[in-house]
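Text of the file protein-v4.cif, holding mmCIF, C-alpha atoms:
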```
data_target
loop_
_atom_site.label_atom_id
_atom_site.label_comp_id
_atom_site.auth_asym_id
_atom_site.auth_seq_id
_atom_site.Cartn_x
_atom_site.Cartn_y
_atom_site.Cartn_z
CA MET S 1 15.57 -7.09 13.60
CA SER S 2 11.85 -6.37 13.34
CA LYS S 3 9.57 -8.57 11.25
CA THR S 4 8.66 -5.51 9.15
CA LYS S 5 12.27 -4.61 8.35
CA GLN S 6 13.17 -8.19 7.51
CA ALA S 7 10.07 -8.77 5.32
CA PHE S 8 10.39 -5.56 3.33
CA ASP S 9 14.18 -5.68 3.00
CA ARG S 10 13.71 -8.99 1.15
CA PHE S 11 11.10 -7.33 -1.05
CA ARG S 12 13.34 -4.31 -1.74
CA HIS S 13 16.23 -6.57 -2.69
CA THR S 14 14.16 -8.11 -5.51
CA TYR S 15 12.07 -5.12 -6.61
CA PRO S 16 14.16 -1.94 -7.01
CA GLU S 17 13.04 1.62 -6.47
CA ARG S 18 11.62 3.59 -9.35
CA GLU S 19 11.40 7.30 -9.95
CA CYS S 20 8.15 9.11 -9.31
CA PRO S 21 6.52 10.00 -12.64
CA PRO S 22 5.78 13.70 -13.17
CA VAL S 23 3.10 15.11 -10.89
CA GLY S 24 0.10 17.03 -12.20
CA HIS S 25 -0.01 19.71 -9.52
CA GLU S 26 2.60 21.00 -7.06
CA ASP S 27 0.38 19.84 -4.16
CA GLU S 28 1.20 16.27 -5.22
CA ARG S 29 4.85 16.94 -4.22
CA ARG S 30 4.03 18.11 -0.70
CA GLU S 31 5.38 15.44 1.61
CA MET S 32 3.26 14.31 4.53
CA THR S 33 4.76 14.05 8.00
CA SER S 34 3.60 12.26 11.13
CA ALA S 35 1.96 15.54 12.19
CA ASP S 36 -0.15 15.27 8.99
CA GLY S 37 -1.21 11.67 9.70
CA LEU S 38 1.62 9.72 8.03
CA GLU S 39 2.27 6.49 9.95
CA GLN S 40 5.12 3.98 9.96
CA TRP S 41 4.19 0.35 9.30
CA ARG S 42 4.77 -1.63 12.51
CA ASP S 43 5.03 -5.33 13.25
CA GLY S 44 1.70 -7.09 13.69
CA THR S 45 1.03 -9.94 16.10
CA GLY S 46 0.69 -12.57 13.39
CA GLU S 47 -2.29 -14.04 15.24
CA VAL S 48 -5.08 -13.58 12.70
CA ALA S 49 -7.32 -16.36 11.41
CA GLU S 50 -8.56 -16.35 7.82
CA GLY S 51 -12.31 -15.81 8.31
CA GLU S 52 -14.59 -14.52 5.53
CA PRO S 53 -13.28 -12.18 2.81
CA PRO S 54 -14.25 -8.57 3.47
CA MET S 55 -16.77 -6.90 1.16
CA LEU S 56 -15.22 -3.47 0.58
CA MET S 57 -16.19 -0.65 -1.74
CA LYS S 58 -13.59 1.35 -3.70
CA ASN S 59 -14.42 4.53 -1.78
CA HIS S 60 -14.26 2.93 1.70
CA PRO S 61 -14.10 5.71 4.33
CA LYS S 62 -11.05 4.14 6.00
CA LEU S 63 -9.04 3.72 2.79
CA ARG S 64 -5.33 4.33 3.28
CA LEU S 65 -2.47 4.67 0.83
CA TRP S 66 0.75 2.72 1.48
CA VAL S 67 4.25 2.98 0.01
CA VAL S 68 7.39 0.88 0.41
CA ARG S 69 10.16 3.45 0.60
CA ALA S 70 13.93 2.84 0.69
CA GLU S 71 14.14 2.50 4.49
CA ASP S 72 10.56 2.06 5.69
CA VAL S 73 6.93 1.44 4.82
CA VAL S 74 4.43 4.23 5.43
CA HIS S 75 0.68 4.63 5.19
CA ALA S 76 -1.85 7.42 5.60
CA PRO S 77 -5.57 8.08 5.20
CA GLU S 78 -6.48 9.08 1.66
CA CYS S 79 -8.88 11.74 2.95
CA GLY S 80 -8.70 13.91 6.04
CA SER S 81 -7.22 17.14 7.33
CA PHE S 82 -4.01 16.99 5.26
CA ALA S 83 -5.96 16.02 2.14
CA ASP S 84 -8.31 18.96 2.74
CA THR S 85 -5.34 21.33 2.25
CA LEU S 86 -4.61 19.88 -1.21
CA ASN S 87 -5.98 20.98 -4.55
CA GLY S 88 -7.68 17.61 -5.23
CA LYS S 89 -8.75 16.96 -1.59
CA GLU S 90 -7.11 13.49 -1.67
CA ILE S 91 -3.54 12.53 -0.95
CA LYS S 92 -1.49 10.88 -3.66
CA HIS S 93 1.27 8.32 -3.25
CA SER S 94 3.73 11.08 -4.10
CA ASN S 95 2.64 12.86 -0.89
CA LEU S 96 3.96 9.85 1.05
CA THR S 97 7.36 10.12 -0.67
CA GLY S 98 7.76 13.81 -1.42
CA ALA S 99 7.77 12.70 -5.10
CA ARG S 100 11.01 10.78 -4.52
CA PRO S 101 11.69 7.19 -5.66
CA ALA S 102 9.89 4.27 -3.99
CA HIS S 103 9.64 0.51 -4.46
CA CYS S 104 5.89 -0.09 -4.54
CA GLY S 105 2.58 1.39 -3.44
CA GLY S 106 -1.11 0.79 -3.24
CA GLN S 107 -4.19 1.05 -1.05
CA LEU S 108 -5.28 -0.80 2.07
CA VAL S 109 -8.03 -0.98 4.65
CA PHE S 110 -7.58 -2.37 8.15
CA VAL S 111 -10.34 -4.99 8.45
CA GLU S 112 -9.21 -6.00 11.97
CA ASN S 113 -6.40 -4.79 14.23
CA ASP S 114 -3.84 -7.08 12.58
CA ALA S 115 -5.54 -7.84 9.27
CA VAL S 116 -5.61 -5.76 6.10
CA ALA S 117 -7.15 -5.91 2.66
CA LEU S 118 -4.74 -4.43 0.14
CA ASP S 119 -4.24 -3.75 -3.51
CA GLY S 120 -1.48 -2.37 -5.71
CA GLY S 121 -3.54 0.61 -6.80
CA SER S 122 -0.98 3.34 -7.38
CA GLY S 123 -0.50 5.14 -10.67
CA ARG S 124 3.02 6.08 -9.62
CA TYR S 125 4.39 3.12 -7.68
CA GLY S 126 2.00 0.23 -8.35
CA PRO S 127 3.39 -3.30 -8.79
CA ARG S 128 4.69 -3.97 -12.29
CA SER S 129 3.87 -7.69 -12.38
CA LYS S 130 1.82 -10.45 -10.81
CA GLU S 131 5.00 -11.66 -9.08
CA GLU S 132 5.64 -8.25 -7.56
CA MET S 133 2.01 -7.98 -6.34
CA THR S 134 2.31 -11.43 -4.75
CA ALA S 135 5.67 -10.56 -3.17
CA VAL S 136 4.48 -7.30 -1.61
CA ALA S 137 1.36 -8.99 -0.21
CA ARG S 138 3.62 -11.66 1.33
CA ALA S 139 5.87 -8.94 2.78
CA PHE S 140 2.85 -7.46 4.57
CA LYS S 141 1.93 -10.95 5.80
CA ASN S 142 5.50 -11.64 6.95
CA SER S 143 5.43 -8.38 8.92
CA GLY S 144 2.85 -10.01 11.19
CA TYR S 145 -0.52 -9.31 9.56
CA GLY S 146 -3.33 -11.31 8.10
CA VAL S 147 -3.57 -10.18 4.47
CA TRP S 148 -6.41 -10.18 1.99
CA SER S 149 -4.99 -9.35 -1.43
CA TYR S 150 -6.96 -8.20 -4.45
CA GLY S 151 -4.26 -9.71 -6.63
CA TRP S 152 -3.37 -9.19 -10.26
CA ASP S 153 -5.55 -8.83 -13.36
CA ASP S 154 -3.70 -10.95 -15.97
CA GLU S 155 -5.95 -9.77 -18.80
CA ASN S 156 -5.16 -6.08 -18.27
CA ALA S 157 -1.69 -6.49 -16.68
CA TRP S 158 -2.65 -4.34 -13.71
CA PRO S 159 -3.50 -4.97 -10.05
CA PHE S 160 -7.16 -5.46 -9.17
CA ARG S 161 -8.45 -2.60 -7.00
CA ILE S 162 -10.29 -2.65 -3.71
CA GLY S 163 -13.98 -3.14 -4.43
CA SER S 164 -13.46 -4.72 -7.86
CA ARG S 165 -13.84 -8.30 -6.61
CA LEU S 166 -13.44 -10.38 -3.45
CA PRO S 167 -9.87 -10.50 -2.17
CA GLN S 168 -7.93 -13.72 -1.61
CA TRP S 169 -6.33 -14.72 1.70
CA VAL S 170 -2.53 -14.75 1.52
CA LYS S 171 -1.22 -18.05 2.93
#
```
Represent the structure contained in this file as structure tokens.
Amino acid sequence: MSKTKQAFDRFRHTYPERECPPVGHEDERREMTSADGLEQWRDGTGEVAEGEPPMLMKNHPKLRLWVVRAEDVVHAPECGSFADTLNGKEIKHSNLTGARPAHCGGQLVFVENDAVALDGGSGRYGPRSKEEMTAVARAFKNSGYGVWSYGWDDENAWPFRIGSRLPQWVK
């Protein structure tokens, strides 16, 4: 069994799927495919040292959306050729699911080949608690990646977003 499957199956067992809230425009229902730039999450090498936290801006040009679906984890660039065909010129998490249920979603940036900085920034599938944010960051780590997590904003009960502060290394 792959590290990715094992890590995210544990996550899925604890944090159930939820329905996609209503979408604002029909384009937000259009499901991406691999031909559109949708990628499957694959096992990393697990050989990444902590280093310095990355300084990222919220509109980083390599920003990607990620979603934990029932059987896999997918990610795709927020902007690009598929996004250019959409009304808002940016993909939404619902484009990664076809507006079907999913477990969790957010944003990430690859800061090295096997290291990511991630948040739970999804209006449709974002983590619902600090524990869920921690668990999904650990699932990414257990899939073989070094992970910088933006964590959870206790005061506002919402995940911190990329660019809002320095991320923390997931141990």
Selected by the PyMOL selection byres ((chain S and resi 148-158) around 7) in the shown coordinates: which residues, as a PDB file with C-alpha atoms, in the coordinates of the input?
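part_29.pdb was written with the following content:
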```
ATOM      1  CA  VAL S 116      -5.610  -5.760   6.100  1.00  0.00           C
ATOM      2  CA  ALA S 117      -7.150  -5.910   2.660  1.00  0.00           C
ATOM      3  CA  LEU S 118      -4.740  -4.430   0.140  1.00  0.00           C
ATOM      4  CA  ASP S 119      -4.240  -3.750  -3.510  1.00  0.00           C
ATOM      5  CA  LYS S 130       1.820 -10.450 -10.810  1.00  0.00           C
ATOM      6  CA  MET S 133       2.010  -7.980  -6.340  1.00  0.00           C
ATOM      7  CA  ALA S 137       1.360  -8.990  -0.210  1.00  0.00           C
ATOM      8  CA  GLY S 146      -3.330 -11.310   8.100  1.00  0.00           C
ATOM      9  CA  VAL S 147      -3.570 -10.180   4.470  1.00  0.00           C
ATOM     10  CA  PRO S 159      -3.500  -4.970 -10.050  1.00  0.00           C
ATOM     11  CA  PHE S 160      -7.160  -5.460  -9.170  1.00  0.00           C
ATOM     12  CA  ARG S 161      -8.450  -2.600  -7.000  1.00  0.00           C
ATOM     13  CA  ILE S 162     -10.290  -2.650  -3.710  1.00  0.00           C
ATOM     14  CA  LEU S 166     -13.440 -10.380  -3.450  1.00  0.00           C
ATOM     15  CA  PRO S 167      -9.870 -10.500  -2.170  1.00  0.00           C
ATOM     16  CA  GLN S 168      -7.930 -13.720  -1.610  1.00  0.00           C
ATOM     17  CA  TRP S 169      -6.330 -14.720   1.700  1.00  0.00           C
ATOM     18  CA  VAL S 170      -2.530 -14.750   1.520  1.00  0.00           C
TER      19      VAL S 170
END
```
Have a look at CA of Ala70 (chain S) and CA of Phe82 (chain S) and let me know their distance in Å, one decimal. 23.3 Å
Mind running region 69-171 of chain S against region 9-27 of chain S at 7 Å and telling me each contacting residue's nearest atom pair with the distance in Å (one decimal), counting only C-alpha atoms, chain and number ascending, as a Markdown table?
```
| residue | atom | partner | partner_atom | distance |
| --- | --- | --- | --- | --- |
| S:Leu86 | CA | S:Asp27 | CA | 5.8 |
| S:Asn87 | CA | S:Asp27 | CA | 6.5 |
| S:Ala99 | CA | S:Cys20 | CA | 5.5 |
| S:Arg100 | CA | S:Cys20 | CA | 5.8 |
| S:Pro101 | CA | S:Glu19 | CA | 4.3 |
| S:Ala102 | CA | S:Glu17 | CA | 4.8 |
| S:His103 | CA | S:Glu17 | CA | 4.1 |
| S:Arg124 | CA | S:Cys20 | CA | 6.0 |
| S:Ala135 | CA | S:Phe11 | CA | 6.7 |
| S:Val136 | CA | S:Phe11 | CA | 6.6 |
| S:Ala139 | CA | S:Phe11 | CA | 6.7 |
```
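Put simply, CA of Gly46 (chain S) is 14.9 Å away from CA of Lys5 (chain S).
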I want to know what sits within 12 Å of Phe110 (chain S), based on all atoms listed in the file, with residues of the same chain fewer than 3 positions away left out; could you give that as a compact mmCIF listing (two decimals) with C-alpha atoms, keeping the file's coordinate frame?
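Done, and the output landed in around_15.txt:
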```txt
# COMPACT_ATOMS: atom_id res chain seq x y z
CA GLY S 44 1.70 -7.09 13.69
CA PRO S 54 -14.25 -8.57 3.47
CA LEU S 56 -15.22 -3.47 0.58
CA HIS S 60 -14.26 2.93 1.70
CA PRO S 61 -14.10 5.71 4.33
CA LYS S 62 -11.05 4.14 6.00
CA LEU S 63 -9.04 3.72 2.79
CA ARG S 64 -5.33 4.33 3.28
CA LEU S 65 -2.47 4.67 0.83
CA TRP S 66 0.75 2.72 1.48
CA HIS S 75 0.68 4.63 5.19
CA ALA S 76 -1.85 7.42 5.60
CA PRO S 77 -5.57 8.08 5.20
CA GLN S 107 -4.19 1.05 -1.05
CA ASN S 113 -6.40 -4.79 14.23
CA ASP S 114 -3.84 -7.08 12.58
CA ALA S 115 -5.54 -7.84 9.27
CA VAL S 116 -5.61 -5.76 6.10
CA ALA S 117 -7.15 -5.91 2.66
CA LEU S 118 -4.74 -4.43 0.14
CA TYR S 145 -0.52 -9.31 9.56
CA GLY S 146 -3.33 -11.31 8.10
CA VAL S 147 -3.57 -10.18 4.47
CA TRP S 148 -6.41 -10.18 1.99
```
Across S:Ile91, S:Val68, S:Val109, S:Val74, the smallest distance to Arg29 (chain S), with all atoms listed in the file counted, is shown by S:Ile91
